[in-house]
>>> print(open('upload.tsv').read())   # TSV, C-alpha atoms
chain	number	residue	atom	x	y	z
A	9	MET	CA	-17.11	14.41	9.14
A	10	CYS	CA	-16.55	10.65	8.82
A	11	ASP	CA	-19.95	9.01	8.88
A	12	THR	CA	-18.68	5.75	10.30
A	13	CYS	CA	-17.09	6.84	13.53
A	14	GLY	CA	-17.83	10.56	13.58
A	15	CYS	CA	-14.22	11.68	13.53
A	16	GLY	CA	-13.53	15.13	12.13
A	17	GLN	CA	-11.67	16.41	9.07
A	18	PRO	CA	-11.90	13.35	6.88
A	19	GLU	CA	-9.89	14.98	4.10
A	20	ASP	CA	-6.75	14.75	6.20
A	21	GLU	CA	-7.51	11.23	7.38
A	22	ILE	CA	-5.99	8.17	5.82
A	23	ILE	CA	-8.41	5.28	5.95
A	24	ILE	CA	-7.41	1.64	5.55
A	25	ARG	CA	-10.07	-1.04	5.16
A	26	LYS	CA	-10.97	-4.35	3.57
A	27	PRO	CA	-13.93	-4.86	1.24
A	28	GLY	CA	-17.11	-5.38	3.25
A	29	GLU	CA	-15.55	-4.18	6.49
A	30	LYS	CA	-17.82	-2.21	8.81
A	31	GLY	CA	-15.24	-0.45	10.97
A	32	HIS	CA	-12.00	0.89	9.60
A	33	VAL	CA	-8.55	1.89	10.70
A	34	HIS	CA	-7.68	5.56	10.71
A	35	MET	CA	-4.21	6.88	10.47
A	36	HIS	CA	-4.54	10.09	12.43
A	37	ASP	CA	-1.79	12.59	12.35
A	38	HIS	CA	-2.35	14.05	15.78
A	39	ASP	CA	0.34	16.68	15.39
A	40	HIS	CA	-1.24	18.16	12.33
A	41	HIS	CA	-4.74	18.38	13.78
A	42	GLY	CA	-3.25	19.91	16.86
A	43	HIS	CA	-4.79	19.13	20.20
A	44	ASP	CA	-2.19	21.29	21.79
A	45	HIS	CA	-4.20	23.72	23.87
A	46	SER	CA	-1.28	25.32	25.63
A	47	HIS	CA	-0.12	26.89	22.41
A	48	HIS	CA	-3.55	28.33	21.74
A	49	HIS	CA	-3.15	30.39	24.89
A	50	HIS	CA	0.11	31.82	23.70
A	51	GLU	CA	-1.51	33.03	20.51
A	52	HIS	CA	-4.51	34.68	22.13
A	53	GLY	CA	-2.33	36.55	24.51
A	54	ASP	CA	0.91	38.24	23.83
A	55	HIS	CA	1.76	38.53	20.13
A	56	GLY	CA	5.16	39.84	21.02
A	57	HIS	CA	5.92	36.75	23.07
A	58	THR	CA	8.79	35.47	21.00
A	59	HIS	CA	10.46	38.86	20.92
A	60	GLU	CA	10.35	39.30	24.67
A	61	HIS	CA	12.71	36.49	25.50
A	62	PRO	CA	15.55	36.80	23.00
A	63	HIS	CA	18.07	35.68	25.60
A	64	ALA	CA	16.39	32.26	25.80
A	65	ALA	CA	16.50	31.66	22.06
A	66	ARG	CA	19.30	29.53	20.75
A	67	GLU	CA	20.21	27.88	17.51
A	68	ILE	CA	20.68	24.15	17.27
A	69	VAL	CA	22.22	22.39	14.32
A	70	VAL	CA	19.97	19.63	13.05
A	71	GLY	CA	21.12	18.42	9.60
A	72	GLU	CA	18.36	15.85	9.37
A	73	ASN	CA	17.10	14.42	6.12
A	74	ILE	CA	13.38	15.09	5.88
A	75	MET	CA	12.70	11.80	4.17
A	76	GLN	CA	14.57	9.89	6.85
A	77	LYS	CA	11.47	8.84	8.75
A	78	ASN	CA	9.91	7.41	5.60
A	79	ASP	CA	13.14	5.83	4.45
A	80	LEU	CA	13.79	4.14	7.81
A	81	LEU	CA	10.27	2.74	7.90
A	82	ALA	CA	10.63	1.61	4.28
A	83	GLU	CA	13.75	-0.33	5.27
A	84	ARG	CA	11.85	-1.93	8.14
A	85	ASN	CA	9.13	-2.94	5.68
A	86	ARG	CA	11.82	-4.28	3.35
A	87	GLY	CA	13.38	-6.33	6.16
A	88	PHE	CA	10.01	-7.81	7.05
A	89	PHE	CA	9.35	-8.76	3.41
A	90	GLU	CA	12.80	-10.33	3.04
A	91	ALA	CA	12.42	-12.36	6.21
A	92	LYS	CA	9.12	-13.79	4.97
A	93	ASN	CA	10.24	-14.19	1.32
A	94	ILE	CA	7.52	-11.78	0.27
A	95	VAL	CA	7.97	-10.21	-3.17
A	96	ALA	CA	6.67	-6.66	-2.74
A	97	LEU	CA	6.07	-4.75	-5.97
A	98	ASN	CA	5.17	-1.05	-6.21
A	99	LEU	CA	2.99	-0.46	-9.30
A	100	VAL	CA	3.01	3.18	-10.39
A	101	SER	CA	1.55	5.05	-13.34
A	102	SER	CA	-0.75	7.86	-14.44
A	103	PRO	CA	-4.43	7.34	-13.66
A	104	GLY	CA	-6.04	5.18	-16.37
A	105	SER	CA	-3.01	3.24	-17.64
A	106	GLY	CA	-4.63	-0.07	-16.71
A	107	LYS	CA	-2.91	-0.97	-13.41
A	108	THR	CA	-6.02	-2.48	-11.88
A	109	THR	CA	-6.96	-4.41	-15.03
A	110	LEU	CA	-3.40	-5.76	-15.23
A	111	LEU	CA	-3.69	-6.87	-11.63
A	112	GLU	CA	-7.11	-8.45	-12.14
A	113	LYS	CA	-5.82	-10.47	-15.11
A	114	THR	CA	-2.65	-11.48	-13.28
A	115	LEU	CA	-4.54	-12.60	-10.20
A	116	THR	CA	-7.14	-14.51	-12.21
A	117	ASP	CA	-4.49	-16.32	-14.24
A	118	ARG	CA	-1.87	-16.91	-11.55
A	119	LYS	CA	-3.63	-17.34	-8.22
A	120	GLY	CA	-3.39	-21.11	-8.54
A	121	SER	CA	0.42	-20.98	-8.75
A	122	ASN	CA	1.21	-18.50	-6.00
A	123	PRO	CA	-0.21	-16.73	-2.98
A	124	PHE	CA	-1.02	-13.09	-3.77
A	125	VAL	CA	-2.00	-10.21	-1.54
A	126	VAL	CA	-2.92	-6.71	-2.74
A	127	ILE	CA	-2.77	-3.21	-1.29
A	128	GLU	CA	-4.80	-0.65	-3.23
A	129	GLY	CA	-4.20	3.10	-3.03
A	130	ASP	CA	-6.67	5.77	-4.16
A	131	GLN	CA	-7.84	9.11	-2.86
A	132	GLN	CA	-11.40	7.86	-2.41
A	133	THR	CA	-13.68	4.82	-2.86
A	134	MET	CA	-13.29	1.08	-2.47
A	135	ASN	CA	-13.75	0.57	-6.23
A	136	ASP	CA	-10.34	-0.93	-6.95
A	137	ALA	CA	-10.31	-3.08	-3.83
A	138	ASP	CA	-13.76	-4.39	-4.73
A	139	ARG	CA	-12.53	-5.39	-8.19
A	140	ILE	CA	-9.59	-7.26	-6.65
A	141	ASN	CA	-11.87	-8.80	-4.05
A	142	ALA	CA	-13.97	-10.24	-6.87
A	143	THR	CA	-10.95	-12.32	-7.95
A	144	GLY	CA	-10.90	-13.90	-4.50
A	145	ILE	CA	-7.57	-12.42	-3.49
A	146	PRO	CA	-7.07	-10.75	-0.06
A	147	VAL	CA	-6.92	-6.99	-0.47
A	148	VAL	CA	-6.92	-3.88	1.65
A	149	GLN	CA	-7.77	-0.37	0.36
A	150	ILE	CA	-5.90	2.70	1.53
A	151	ASN	CA	-7.83	5.93	0.94
A	152	THR	CA	-5.44	8.85	1.15
A	153	GLY	CA	-8.09	11.60	1.20
A	154	ASN	CA	-6.27	14.64	-0.17
A	155	GLY	CA	-3.01	12.71	-0.27
A	156	CYS	CA	-1.42	12.02	-3.62
A	157	HIS	CA	0.88	9.08	-2.91
A	158	LEU	CA	1.37	6.08	-0.68
A	159	ASP	CA	4.19	6.15	1.86
A	160	ALA	CA	6.03	3.61	3.99
A	161	ALA	CA	3.90	4.27	7.07
A	162	MET	CA	0.69	3.47	5.20
A	163	ILE	CA	2.17	0.23	3.85
A	164	ASN	CA	3.43	-0.70	7.31
A	165	ARG	CA	-0.06	-0.19	8.68
A	166	ALA	CA	-1.85	-1.99	5.83
A	167	VAL	CA	0.43	-5.03	5.99
A	168	LYS	CA	-0.43	-5.45	9.66
A	169	GLN	CA	-4.09	-5.76	8.66
A	170	LEU	CA	-3.42	-8.27	5.91
A	171	GLU	CA	-1.48	-11.27	7.28
A	172	VAL	CA	0.73	-11.82	4.26
A	173	PRO	CA	1.79	-15.48	3.97
A	174	GLN	CA	5.38	-16.65	3.48
A	175	GLY	CA	6.46	-16.50	-0.15
A	176	ALA	CA	3.54	-14.36	-1.32
A	177	PHE	CA	3.52	-11.63	-3.95
A	178	LEU	CA	2.48	-8.34	-2.35
A	179	MET	CA	1.17	-6.18	-5.18
A	180	ILE	CA	0.93	-2.53	-4.15
A	181	GLU	CA	-1.13	-0.45	-6.57
A	182	ASN	CA	-0.04	3.12	-5.85
A	183	VAL	CA	-2.22	6.20	-6.34
A	184	GLY	CA	-2.43	7.07	-10.05
A	185	ASN	CA	0.15	9.84	-10.23
A	186	LEU	CA	3.42	10.02	-12.14
A	187	VAL	CA	4.94	12.67	-9.89
A	188	CYS	CA	4.76	12.26	-6.12
A	189	PRO	CA	4.93	8.48	-5.62
A	190	ALA	CA	8.44	8.56	-7.14
A	191	LEU	CA	9.79	10.19	-3.99
A	192	PHE	CA	8.47	7.67	-1.49
A	193	ASP	CA	10.22	4.38	-0.89
A	194	LEU	CA	7.63	1.88	0.36
A	195	GLY	CA	10.10	-0.91	1.05
A	196	GLU	CA	9.34	-2.63	-2.24
A	197	GLN	CA	11.66	-5.11	-3.96
A	198	SER	CA	10.92	-3.64	-7.40
A	199	ARG	CA	9.07	-0.68	-8.81
A	200	VAL	CA	7.06	-1.19	-12.00
A	201	VAL	CA	5.96	1.84	-14.04
A	202	ILE	CA	2.99	1.13	-16.28
A	203	ILE	CA	2.30	3.27	-19.33
A	204	SER	CA	-0.40	2.72	-21.93
A	205	VAL	CA	-0.14	3.36	-25.68
A	206	THR	CA	-2.93	5.92	-25.39
A	207	GLU	CA	-0.50	8.17	-23.53
A	208	GLY	CA	2.37	10.11	-25.11
A	209	ASP	CA	5.54	8.17	-25.92
A	210	ASP	CA	7.58	11.07	-24.46
A	211	LYS	CA	6.24	10.45	-20.94
A	212	PRO	CA	9.68	9.29	-19.65
A	213	VAL	CA	11.34	12.65	-20.37
A	214	LYS	CA	8.37	14.60	-19.04
A	215	TYR	CA	8.27	12.60	-15.80
A	216	PRO	CA	11.87	11.50	-15.44
A	217	THR	CA	11.97	10.80	-11.70
A	218	MET	CA	9.38	8.07	-11.98
A	219	PHE	CA	11.24	6.34	-14.81
A	220	GLU	CA	14.60	6.83	-13.12
A	221	THR	CA	13.40	5.01	-10.02
A	222	SER	CA	11.59	2.13	-11.74
A	223	ASP	CA	13.05	-1.26	-12.64
A	224	LEU	CA	10.51	-2.38	-15.25
A	225	CYS	CA	8.32	-0.45	-17.67
A	226	VAL	CA	5.15	-2.25	-18.74
A	227	ILE	CA	3.60	-0.88	-21.93
A	228	ASN	CA	-0.11	-1.71	-21.77
A	229	LYS	CA	-3.09	-1.53	-24.15
A	230	MET	CA	-1.01	-2.84	-27.09
A	231	ASP	CA	-4.31	-3.91	-28.70
A	232	LEU	CA	-4.99	-0.20	-29.30
A	233	LEU	CA	-1.61	0.47	-30.97
A	234	PRO	CA	-3.04	0.53	-34.53
A	235	TYR	CA	-5.34	3.43	-33.55
A	236	VAL	CA	-2.82	5.76	-31.91
A	237	ASP	CA	0.41	7.56	-32.86
A	238	PHE	CA	2.40	6.01	-30.02
A	239	GLU	CA	5.77	4.62	-31.08
A	240	VAL	CA	7.04	1.85	-28.84
A	241	GLU	CA	10.67	2.27	-29.92
A	242	LYS	CA	10.57	6.00	-29.17
A	243	LEU	CA	9.19	5.34	-25.69
A	244	LYS	CA	12.00	2.87	-25.06
A	245	GLU	CA	14.64	5.31	-26.31
A	246	TYR	CA	13.38	8.10	-24.07
A	247	ALA	CA	13.15	5.82	-21.06
A	248	LEU	CA	16.67	4.48	-21.59
A	249	THR	CA	18.16	8.01	-21.60
A	250	ILE	CA	16.61	8.50	-18.19
A	251	ASN	CA	17.39	5.03	-16.87
A	252	PRO	CA	19.78	2.83	-18.90
A	253	ASP	CA	18.93	-0.18	-16.73
A	254	ILE	CA	15.16	-0.15	-17.18
A	255	THR	CA	13.61	-3.13	-18.99
A	256	PHE	CA	10.36	-3.34	-20.97
A	257	ILE	CA	7.39	-5.64	-21.46
A	258	THR	CA	4.66	-4.89	-24.01
A	259	LEU	CA	1.25	-6.42	-23.39
A	260	SER	CA	-2.50	-6.01	-23.33
A	261	ALA	CA	-4.12	-6.78	-19.99
A	262	ARG	CA	-7.48	-6.80	-21.75
A	263	THR	CA	-6.74	-9.33	-24.49
A	264	GLY	CA	-3.98	-11.26	-22.72
A	265	GLU	CA	-1.40	-10.61	-25.44
A	266	GLY	CA	2.13	-10.52	-23.99
A	267	MET	CA	1.09	-11.52	-20.46
A	268	GLU	CA	3.41	-14.56	-20.47
A	269	ALA	CA	6.50	-12.33	-20.44
A	270	TRP	CA	5.05	-10.48	-17.42
A	271	TYR	CA	4.38	-13.77	-15.61
A	272	GLU	CA	7.93	-14.94	-16.36
A	273	TRP	CA	9.30	-11.67	-14.99
A	274	LEU	CA	7.27	-12.16	-11.81
A	275	GLU	CA	8.73	-15.64	-11.40
A	276	THR	CA	12.29	-14.28	-11.63
A	277	LYS	CA	11.50	-11.89	-8.76
A	278	LYS	CA	10.65	-14.85	-6.52
A	279	ASN	CA	14.16	-16.19	-6.67
A	280	LEU	CA	15.67	-12.88	-5.59
A	281	SER	CA	13.70	-12.33	-2.39
B	84	MET	CA	0.08	17.49	-2.70
B	85	HIS	CA	3.19	15.92	-1.29
B	86	GLU	CA	4.70	19.22	-0.19
B	87	LEU	CA	2.23	19.04	2.67
B	88	SER	CA	3.59	15.69	3.85
B	89	ILE	CA	7.13	17.08	3.50
B	90	ALA	CA	6.06	20.11	5.57
B	91	MET	CA	4.56	17.86	8.21
B	92	SER	CA	7.77	15.84	8.37
B	93	ILE	CA	9.71	19.09	8.87
B	94	VAL	CA	7.43	20.02	11.77
B	95	GLU	CA	7.88	16.50	13.24
B	96	ILE	CA	11.66	16.82	13.10
B	97	ALA	CA	11.48	20.30	14.66
B	98	LYS	CA	9.24	19.03	17.45
B	99	ASP	CA	11.56	16.09	18.15
B	100	TYR	CA	14.67	18.23	18.41
B	101	ALA	CA	12.93	20.95	20.41
B	102	SER	CA	11.61	18.53	22.99
B	103	ARG	CA	15.00	16.80	23.23
B	104	GLU	CA	16.52	20.20	24.06
B	105	GLY	CA	13.76	20.89	26.55
B	106	ALA	CA	12.44	23.80	24.51
B	107	VAL	CA	8.84	24.93	24.40
B	108	LYS	CA	8.77	26.67	21.07
B	109	VAL	CA	10.53	26.65	17.74
B	110	ILE	CA	10.94	30.22	16.51
B	111	GLY	CA	13.14	29.71	13.47
B	112	MET	CA	13.97	26.99	10.92
B	113	GLU	CA	16.54	26.69	8.17
B	114	ILE	CA	15.59	24.21	5.49
B	115	GLU	CA	17.67	23.10	2.52
B	116	ILE	CA	15.79	22.06	-0.60
B	117	GLY	CA	17.76	20.85	-3.59
B	118	ASP	CA	16.69	21.96	-7.07
B	119	LEU	CA	16.33	18.29	-8.06
B	120	SER	CA	14.64	17.09	-4.90
B	121	GLY	CA	11.20	17.09	-6.53
B	122	VAL	CA	9.91	19.67	-4.07
B	123	VAL	CA	8.61	23.04	-5.25
B	124	ILE	CA	9.74	25.71	-2.78
B	125	GLU	CA	6.66	27.93	-3.17
B	126	ALA	CA	4.42	24.95	-2.54
B	127	LEU	CA	6.48	23.94	0.49
B	128	ASP	CA	6.30	27.46	1.87
B	129	PHE	CA	2.54	27.42	1.49
B	130	ALA	CA	2.28	23.95	3.02
B	131	LEU	CA	4.44	24.94	6.00
B	132	GLN	CA	1.99	27.71	6.87
B	133	GLU	CA	-0.63	24.99	7.28
B	134	ALA	CA	1.61	22.38	8.87
B	135	VAL	CA	2.84	24.60	11.73
B	136	ARG	CA	-0.69	25.45	12.83
B	137	ASP	CA	-1.41	24.34	16.40
B	138	THR	CA	2.09	23.02	16.92
B	139	CYS	CA	5.15	24.28	18.76
B	140	CYS	CA	6.34	25.69	15.42
B	141	GLU	CA	3.41	28.06	14.98
B	142	GLY	CA	4.66	31.61	14.50
B	143	ALA	CA	8.15	30.43	13.54
B	144	ALA	CA	10.05	32.18	10.81
B	145	TRP	CA	11.64	29.89	8.25
B	146	ASN	CA	14.27	30.24	5.60
B	147	ILE	CA	14.16	27.79	2.70
B	148	ILE	CA	17.57	27.63	1.08
B	149	PRO	CA	17.64	26.28	-2.47
B	150	VAL	CA	20.63	24.09	-3.30
B	151	HIS	CA	21.69	24.20	-6.93
B	152	ALA	CA	22.41	20.94	-8.64
B	153	VAL	CA	25.96	19.86	-9.34
B	154	GLY	CA	26.70	16.82	-11.47
B	155	ARG	CA	29.92	14.85	-11.66
B	156	CYS	CA	30.69	13.20	-14.98
B	157	PRO	CA	31.51	9.47	-14.82
B	158	SER	CA	33.62	9.82	-17.96
B	159	CYS	CA	35.78	12.93	-17.52
B	160	GLY	CA	35.32	13.44	-13.76
B	161	LYS	CA	34.48	17.15	-14.10
B	162	GLU	CA	31.85	18.72	-11.85
B	163	ASN	CA	29.40	21.23	-13.29
B	164	LYS	CA	26.29	23.10	-12.23
B	165	VAL	CA	23.36	21.49	-14.07
B	166	GLU	CA	19.63	22.12	-14.46
B	167	SER	CA	18.67	18.46	-14.60
B	168	ALA	CA	20.12	15.02	-13.98
B	169	PHE	CA	19.46	13.92	-17.52
B	170	VAL	CA	21.65	16.26	-19.53
B	171	PRO	CA	25.00	15.41	-21.11
B	172	CYS	CA	28.17	16.54	-19.36
B	173	PRO	CA	28.82	20.21	-20.33
B	174	ASP	CA	32.50	19.35	-20.75
B	175	CYS	CA	32.66	16.03	-22.61
B	176	GLY	CA	29.04	15.29	-23.60
B	177	ALA	CA	28.75	11.92	-21.81
B	178	TYR	CA	25.44	10.95	-20.21
B	179	GLY	CA	24.87	9.47	-16.79
B	180	LEU	CA	25.86	12.43	-14.59
B	181	GLN	CA	26.19	11.63	-10.92
B	182	ILE	CA	24.25	14.23	-8.96
B	183	ILE	CA	26.43	15.19	-5.98
B	184	LYS	CA	24.44	18.25	-4.91
B	185	GLY	CA	20.82	19.20	-5.50
B	186	ARG	CA	18.74	16.39	-4.08
B	187	GLU	CA	18.78	17.69	-0.51
B	188	LEU	CA	15.65	17.68	1.62
B	189	LYS	CA	17.09	18.72	4.93
B	190	VAL	CA	16.26	20.56	8.11
B	191	LYS	CA	19.57	22.37	8.53
B	192	SER	CA	19.06	24.12	11.86
B	193	LEU	CA	16.45	25.40	14.27
B	194	VAL	CA	16.16	28.37	16.59
B	195	ILE	CA	14.40	27.26	19.76
B	196	ASP	CA	13.02	29.18	22.68
B	197	ASP	CA	13.43	27.69	26.11
>>> encode(input="upload.tsv", output="structure tokens")
Amino acid sequence: MCDTCGCGQPEDEIIIRKPGEKGHVHMHDHDHHGHDHSHHHHEHGDHGHTHEHPHAAREIVVGENIMQKNDLLAERNRGFFEAKNIVALNLVSSPGSGKTTLLEKTLTDRKGSNPFVVIEGDQQTMNDADRINATGIPVVQINTGNGCHLDAAMINRAVKQLEVPQGAFLMIENVGNLVCPALFDLGEQSRVVIISVTEGDDKPVKYPTMFETSDLCVINKMDLLPYVDFEVEKLKEYALTINPDITFITLSARTGEGMEAWYEWLETKKNLS
Amino acid sequence: MHELSIAMSIVEIAKDYASREGAVKVIGMEIEIGDLSGVVIEALDFALQEAVRDTCCEGAAWNIIPVHAVGRCPSCGKENKVESAFVPCPDCGAYGLQIIKGRELKVKSLVIDD
């Protein structure tokens, strides 16, 4: 049970909150939790219910794309961002590739030149939002509970809590997961996949959907390259077979090496929005 | 996992259509899942059992129809059944196959009970 407001089944709840906030916004999925008492009565009674009225049953053709609801909301998000010249970036990767550190460094170095706003996504804890908060940048944390990805509805909800200024960078740090987030359009302008040299250089062929749907691949932790077997050229080759249009930046968020190319790339995104 | 959110979306769609038709219950669903959609059918089946609970779809029978992937080659124009989007064309060996079938995530039809 949620110990803030006493609501039930916290694992299925999506919670959105800012660092230091007492209350928080829930995204309840009422249909899933089911407060539909009339159907309970059907189940306790006649198990043969559906078979007793075959004449009332009829088939209807639907043909509806299951992702349509998410995709439509993603386009609404996209429209909102375009209207306000907001550059929304979806940062995806495995857990531990250095997304949050990259963000911390970017925000610390660049907050003087541009407004930034951050949406953090994790199953649990405010840890990442607290780190971003320490840089002085507005941030909201989405806790997905058992959920493994962010979707357009969560972004739509989080943006309403944030008040994103005109011309800002909206950095969305997705849940660390190279599989599921690939399927969910958030309404972003660009998707950035971050991989670190401590991972395998064959990641792109093992997780092709993520690389296929990303625009930029950031290769992080370059300061550790001498100590691992990772081959940057191999990674690039693999990624290009999956997505011939993907581009690359090598850097170390920890030491600052290569960050200039990343900042330049960010600047080019501003002109497109 | 995300099959649960896909299952919940399926139930949402079913509910929408059922209520539009004035139906009380959904007793059957036909769902098309492409081989390259990123959805694992066994996981979706399992997730649906959870997602229909306490909804108008509870007790429904469903049929998940896999759709095999077909790729069209941008070089030679031939269409072939493929196992992945990232293989060379079986006819001419060129890369960059256009997937024309196999990414479906669709509620095809419903059987509703008035």
>>> atom_distance(input="upload.tsv", atom1="CA of Tyr235 (chain A)", atom2="CA of Gly264 (chain A)")
18.3 Å
>>> atom_distance(input="upload.tsv", atom1="CA of Gln181 (chain B)", atom2="CA of Gly208 (chain A)")
27.8 Å
>>> closest_atom_pairs(input="upload.tsv", of="chain B", to="chain A", cutoff="6 Å", atoms="only C-alpha atoms", output="Markdown table")
| residue | atom | partner | partner_atom | distance |
| --- | --- | --- | --- | --- |
| B:Met84 | CA | A:Cys156 | CA | 5.7 |
| B:Asp137 | CA | A:Gly42 | CA | 4.8 |
| B:Leu188 | CA | A:Ile74 | CA | 5.5 |
| B:Lys189 | CA | A:Asn73 | CA | 4.5 |
| B:Val190 | CA | A:Glu72 | CA | 5.3 |
| B:Lys191 | CA | A:Gly71 | CA | 4.4 |
| B:Ser192 | CA | A:Val69 | CA | 4.4 |
| B:Leu193 | CA | A:Ile68 | CA | 5.3 |
| B:Val194 | CA | A:Glu67 | CA | 4.2 |
| B:Ile195 | CA | A:Ala65 | CA | 5.4 |
| B:Asp196 | CA | A:Ala65 | CA | 4.3 |
| B:Asp197 | CA | A:Ala64 | CA | 5.5 |
>>> atom_distance(input="upload.tsv", atom1="CA of Ala134 (chain B)", atom2="CA of Asp99 (chain B)")
15.0 Å
>>> closest_residue(input="upload.tsv", among="A:Pro212, A:Pro146, A:Pro173, A:Pro123", to="Lys26 (chain A)", atoms="all atoms listed in the file")
A:Pro146
>>> axis_aligned_box(input="upload.tsv", around="region 122-139 of chain A", padding_each_side="5 Å", output="JSON")
{"center_x": -6.3, "center_y": -4.7, "center_z": -4.7, "size_x": 25.0, "size_y": 37.6, "size_z": 16.9}
>>> closest_residue(input="upload.tsv", among="A:Leu99, A:Ile22, A:Ile145, A:Ile257", to="Thr221 (chain A)", atoms="only C-alpha atoms")
A:Leu99
>>> residues_around(input="upload.tsv", residues="Leu180 (chain B)", least_positions_apart="2", cutoff="8 Å", atoms="only C-alpha atoms", output="VMD selection string")
chain B and resid 154 to 157 168 to 172 177 to 178 182
>>> residues_around(input="upload.tsv", residues="Ala176 (chain A)", least_positions_apart="3", cutoff="8 Å", atoms="only C-alpha atoms", output="PyMOL selection string")
chain A and resi 93-95+122-125+172-173
>>> write_last_selection(input="upload.tsv", atoms="C-alpha atoms", output="tab-separated table (two decimals), in the coordinates of the input")
chain	number	residue	atom	x	y	z
A	93	ASN	CA	10.24	-14.19	1.32
A	94	ILE	CA	7.52	-11.78	0.27
A	95	VAL	CA	7.97	-10.21	-3.17
A	122	ASN	CA	1.21	-18.50	-6.00
A	123	PRO	CA	-0.21	-16.73	-2.98
A	124	PHE	CA	-1.02	-13.09	-3.77
A	125	VAL	CA	-2.00	-10.21	-1.54
A	172	VAL	CA	0.73	-11.82	4.26
A	173	PRO	CA	1.79	-15.48	3.97
>>> closest_residue(input="upload.tsv", among="A:Thr108, A:Thr152, A:Thr276, A:Asn85", to="Thr133 (chain A)", atoms="only C-alpha atoms")
A:Thr152
>>> closest_residue(input="upload.tsv", among="B:Val109, B:Cys175, B:Ala152, B:Gln132", to="Ile96 (chain B)", atoms="all atoms listed in the file")
B:Val109
>>> closest_residue(input="upload.tsv", among="B:Leu131, B:Leu87, B:Val165, B:Cys140", to="Tyr100 (chain B)", atoms="all atoms listed in the file")
B:Cys140
>>> closest_residue(input="upload.tsv", among="A:Val148, A:Leu170, A:Leu194, A:Leu178", to="Ile24 (chain A)", atoms="only C-alpha atoms")
A:Val148
>>> residues_near_point(input="upload.tsv", point="(7.4, 24.1, -5.0)", cutoff="12 Å", atoms="all atoms listed in the file", output="PDB file with C-alpha atoms, in the frame of the given file")
ATOM      1  CA  MET B  84       0.080  17.490  -2.700  1.00  0.00           C
ATOM      2  CA  HIS B  85       3.190  15.920  -1.290  1.00  0.00           C
ATOM      3  CA  GLU B  86       4.700  19.220  -0.190  1.00  0.00           C
ATOM      4  CA  LEU B  87       2.230  19.040   2.670  1.00  0.00           C
ATOM      5  CA  ILE B  89       7.130  17.080   3.500  1.00  0.00           C
ATOM      6  CA  ALA B  90       6.060  20.110   5.570  1.00  0.00           C
ATOM      7  CA  ILE B 116      15.790  22.060  -0.600  1.00  0.00           C
ATOM      8  CA  GLY B 117      17.760  20.850  -3.590  1.00  0.00           C
ATOM      9  CA  ASP B 118      16.690  21.960  -7.070  1.00  0.00           C
ATOM     10  CA  LEU B 119      16.330  18.290  -8.060  1.00  0.00           C
ATOM     11  CA  SER B 120      14.640  17.090  -4.900  1.00  0.00           C
ATOM     12  CA  GLY B 121      11.200  17.090  -6.530  1.00  0.00           C
ATOM     13  CA  VAL B 122       9.910  19.670  -4.070  1.00  0.00           C
ATOM     14  CA  VAL B 123       8.610  23.040  -5.250  1.00  0.00           C
ATOM     15  CA  ILE B 124       9.740  25.710  -2.780  1.00  0.00           C
ATOM     16  CA  GLU B 125       6.660  27.930  -3.170  1.00  0.00           C
ATOM     17  CA  ALA B 126       4.420  24.950  -2.540  1.00  0.00           C
ATOM     18  CA  LEU B 127       6.480  23.940   0.490  1.00  0.00           C
ATOM     19  CA  ASP B 128       6.300  27.460   1.870  1.00  0.00           C
ATOM     20  CA  PHE B 129       2.540  27.420   1.490  1.00  0.00           C
ATOM     21  CA  ALA B 130       2.280  23.950   3.020  1.00  0.00           C
ATOM     22  CA  LEU B 131       4.440  24.940   6.000  1.00  0.00           C
ATOM     23  CA  ILE B 147      14.160  27.790   2.700  1.00  0.00           C
ATOM     24  CA  PRO B 149      17.640  26.280  -2.470  1.00  0.00           C
TER      25      PRO B 149
END
>>> residues_near_point(input="upload.tsv", point="(9.1, -3.2, -0.6)", cutoff="12 Å", atoms="only C-alpha atoms", output="ChimeraX atom specification")
/A:79,81-99,127,159-161,163-164,167,177-180,192-200,281
>>> residues_around(input="upload.tsv", residues="Leu259 (chain A)", least_positions_apart="6", cutoff="7 Å", atoms="only C-alpha atoms", output="list of chain:residue names")
A:Ile227, A:Asn228, A:Lys229, A:Met230, A:Glu265, A:Gly266, A:Met267
